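Q: To be precise about what I am sending: the file is called input13.pdb and holds PDB, C-alpha atoms, pLDDT in the B column.
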```pdb
ATOM      1  CA  MET I 446      79.435  70.466  18.179  1.00 54.00           C
ATOM      2  CA  LEU I 447      78.237  72.045  21.408  1.00 50.00           C
ATOM      3  CA  THR I 448      74.851  72.716  19.821  1.00 65.00           C
ATOM      4  CA  VAL I 449      74.450  69.042  18.888  1.00 58.00           C
ATOM      5  CA  ILE I 450      75.290  67.949  22.442  1.00 63.00           C
ATOM      6  CA  GLY I 451      72.831  70.504  23.825  1.00 61.00           C
ATOM      7  CA  THR I 452      70.103  69.296  21.471  1.00 73.00           C
ATOM      8  CA  VAL I 453      70.691  65.639  22.418  1.00 68.00           C
ATOM      9  CA  TYR I 454      70.711  66.570  26.093  1.00 64.00           C
ATOM     10  CA  THR I 455      67.496  68.577  25.717  1.00 75.00           C
ATOM     11  CA  ALA I 456      65.839  65.693  23.861  1.00 74.00           C
ATOM     12  CA  ARG I 457      66.828  63.270  26.617  1.00 76.00           C
ATOM     13  CA  LEU I 458      65.512  65.621  29.277  1.00 70.00           C
ATOM     14  CA  SER I 459      62.229  66.016  27.413  1.00 75.00           C
ATOM     15  CA  LYS I 460      61.856  62.259  27.072  1.00 76.00           C
ATOM     16  CA  ALA I 461      62.613  61.730  30.776  1.00 74.00           C
ATOM     17  CA  ALA I 462      60.081  64.412  31.718  1.00 72.00           C
ATOM     18  CA  ALA I 463      57.421  62.792  29.514  1.00 71.00           C
ATOM     19  CA  VAL I 464      58.061  59.369  31.066  1.00 71.00           C
ATOM     20  CA  ALA I 465      57.988  60.848  34.579  1.00 70.00           C
ATOM     21  CA  SER I 466      54.727  62.685  33.944  1.00 73.00           C
ATOM     22  CA  ALA I 467      53.099  59.548  32.483  1.00 68.00           C
ATOM     23  CA  ALA I 468      54.151  57.355  35.433  1.00 72.00           C
ATOM     24  CA  PRO I 469      51.383  58.450  37.872  1.00 77.00           C
ATOM     25  CA  ALA I 470      48.699  57.848  35.244  1.00 76.00           C
ATOM     26  CA  GLN I 471      50.136  54.405  34.487  1.00 79.00           C
ATOM     27  CA  ARG I 472      50.330  53.584  38.201  1.00 83.00           C
ATOM     28  CA  ALA I 473      46.713  54.662  38.642  1.00 84.00           C
ATOM     29  CA  GLU I 474      45.680  52.417  35.749  1.00 88.00           C
ATOM     30  CA  ASP I 475      47.699  49.535  37.208  1.00 86.00           C
ATOM     31  CA  LEU I 476      45.983  50.089  40.559  1.00 90.00           C
ATOM     32  CA  LYS I 477      42.547  49.949  38.905  1.00 92.00           C
ATOM     33  CA  VAL I 478      43.439  46.636  37.262  1.00 91.00           C
ATOM     34  CA  LEU I 479      44.772  45.267  40.545  1.00 92.00           C
ATOM     35  CA  GLN I 480      41.656  46.350  42.457  1.00 93.00           C
ATOM     36  CA  ALA I 481      39.379  44.753  39.868  1.00 93.00           C
ATOM     37  CA  THR I 482      41.392  41.542  40.049  1.00 94.00           C
ATOM     38  CA  VAL I 483      41.252  41.467  43.845  1.00 93.00           C
ATOM     39  CA  ALA I 484      37.484  42.050  43.793  1.00 94.00           C
ATOM     40  CA  ARG I 485      36.989  39.207  41.297  1.00 94.00           C
ATOM     41  CA  VAL I 486      39.194  36.825  43.272  1.00 94.00           C
ATOM     42  CA  ASP I 487      37.377  37.745  46.519  1.00 93.00           C
ATOM     43  CA  GLU I 488      34.035  36.995  44.877  1.00 93.00           C
ATOM     44  CA  GLU I 489      35.259  33.671  43.477  1.00 94.00           C
ATOM     45  CA  ASN I 490      36.829  32.780  46.819  1.00 94.00           C
ATOM     46  CA  GLY I 491      33.563  33.468  48.653  1.00 93.00           C
ATOM     47  CA  SER I 492      31.664  31.306  46.193  1.00 92.00           C
ATOM     48  CA  LEU I 493      34.169  28.471  46.555  1.00 94.00           C
ATOM     49  CA  ARG I 494      34.047  28.690  50.352  1.00 94.00           C
ATOM     50  CA  GLY I 495      30.271  28.310  50.212  1.00 94.00           C
ATOM     51  CA  ARG I 496      30.532  25.298  47.948  1.00 94.00           C
ATOM     52  CA  VAL I 497      33.206  23.655  50.104  1.00 95.00           C
ATOM     53  CA  SER I 498      31.098  24.240  53.202  1.00 94.00           C
ATOM     54  CA  ARG I 499      28.121  22.597  51.504  1.00 95.00           C
ATOM     55  CA  VAL I 500      30.219  19.597  50.399  1.00 93.00           C
ATOM     56  CA  GLU I 501      31.574  19.201  53.939  1.00 90.00           C
ATOM     57  CA  SER I 502      28.008  19.238  55.303  1.00 94.00           C
ATOM     58  CA  ILE I 503      26.931  16.589  52.810  1.00 94.00           C
ATOM     59  CA  LEU I 504      29.982  14.485  53.638  1.00 86.00           C
ATOM     60  CA  ARG I 505      29.205  14.637  57.376  1.00 87.00           C
ATOM     61  CA  ALA I 506      25.551  13.721  56.741  1.00 94.00           C
ATOM     62  CA  PHE I 507      26.557  10.848  54.488  1.00 89.00           C
ATOM     63  CA  ALA I 508      29.101   9.582  57.021  1.00 84.00           C
ATOM     64  CA  TRP I 509      26.503   9.741  59.791  1.00 91.00           C
ATOM     65  CA  THR I 510      23.960   7.881  57.631  1.00 94.00           C
ATOM     66  CA  THR I 511      26.331   5.116  56.576  1.00 88.00           C
ATOM     67  CA  ASP I 512      27.530   4.694  60.152  1.00 88.00           C
ATOM     68  CA  ARG I 513      23.899   4.310  61.260  1.00 94.00           C
ATOM     69  CA  TRP I 514      23.301   1.710  58.537  1.00 92.00           C
ATOM     70  CA  ALA I 515      26.440  -0.189  59.540  1.00 91.00           C
ATOM     71  CA  GLN I 516      25.254  -0.232  63.160  1.00 93.00           C
ATOM     72  CA  GLN I 517      21.854  -1.552  62.049  1.00 95.00           C
ATOM     73  CA  MET I 518      23.579  -4.286  60.042  1.00 93.00           C
ATOM     74  CA  LEU I 519      25.704  -5.293  63.030  1.00 93.00           C
ATOM     75  CA  ILE I 520      22.633  -5.414  65.300  1.00 94.00           C
ATOM     76  CA  ALA I 521      20.937  -7.649  62.711  1.00 95.00           C
ATOM     77  CA  GLY I 522      23.991  -9.953  62.659  1.00 94.00           C
ATOM     78  CA  ILE I 523      25.168  -8.866  59.198  1.00 92.00           C
ATOM     79  CA  GLU I 524      28.860  -8.092  58.968  1.00 90.00           C
ATOM     80  CA  PRO I 525      29.336  -4.997  56.737  1.00 86.00           C
ATOM     81  CA  GLU I 526      32.179  -4.829  54.244  1.00 88.00           C
ATOM     82  CA  PRO I 527      35.333  -3.113  55.532  1.00 88.00           C
ATOM     83  CA  VAL I 528      35.454   0.592  54.856  1.00 85.00           C
ATOM     84  CA  HIS I 529      37.601   2.122  52.154  1.00 90.00           C
ATOM     85  CA  PRO I 530      41.017   3.342  53.431  1.00 92.00           C
ATOM     86  CA  LEU I 531      40.081   6.959  52.687  1.00 90.00           C
ATOM     87  CA  VAL I 532      36.933   6.587  54.776  1.00 84.00           C
ATOM     88  CA  GLU I 533      38.979   5.039  57.585  1.00 87.00           C
ATOM     89  CA  GLU I 534      41.388   7.970  57.431  1.00 90.00           C
ATOM     90  CA  TYR I 535      38.477  10.446  57.512  1.00 82.00           C
ATOM     91  CA  ASN I 536      36.930   8.642  60.484  1.00 79.00           C
ATOM     92  CA  ARG I 537      40.267   8.678  62.269  1.00 86.00           C
ATOM     93  CA  THR I 538      41.362  12.244  61.517  1.00 88.00           C
ATOM     94  CA  GLY I 539      38.224  14.125  60.475  1.00 77.00           C
ATOM     95  CA  VAL I 540      40.053  15.369  57.396  1.00 71.00           C
TER      96      VAL I 540
END
```
Kindly return the structure encoded in the file as structure tokens.
A:
Amino acid sequence: MLTVIGTVYTARLSKAAAVASAAPAQRAEDLKVLQATVARVDEENGSLRGRVSRVESILRAFAWTTDRWAQQMLIAGIEPEPVHPLVEEYNRTGV
């Protein structure tokens, strides 16, 4: 009976040692995956920031142009249509 308990105990110790020795390798692999993910997200984020910046520039240019046209219409005595509520909000808040 004592031999069986010793064998079970030894088997459990061996399994625990194997798991413990594999843990650093698994953590290193997990770190590689995490680093690759962070690099990909950083790249995508940079690309999206560039695109958003470009869209904001176009929006400002378009707003400036339409405002200029509306002023020209008013000078010529033509009443422009009221602006869309989203445009009014943008003009008011800049967002």
Q: Determine the nearest neighbour of I:Leu504 from the options I:Glu489, I:Asp475, I:Tyr535, I:Val528, counting only C-alpha atoms.
A: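 That would be I:Tyr535, the residue with the smallest distance to I:Leu504.
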Q: Just how far from atom CA of I:Gln480 is atom CA of I:Ala462, in Å to one decimal?
A: 27.9 Å
Q: Just how far from atom CA of I:Ala506 is atom CA of I:Thr538, in Å to one decimal?
A: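 Between atom CA of I:Thr538 and atom CA of I:Ala506 the gap is 16.6 Å.
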Q: Measure the distance from atom CA of I:His529 to atom CA of I:Phe507 in Å and round it to one decimal.
A: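 That distance, rounded to one decimal, is 14.3 Å.
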Q: Please provide as a count of residues only all residues within 9 Å of I:Ala515, with the sequence filter that same-chain residues fewer than 5 positions apart are discarded (counting all atoms listed in the file).
A: 5
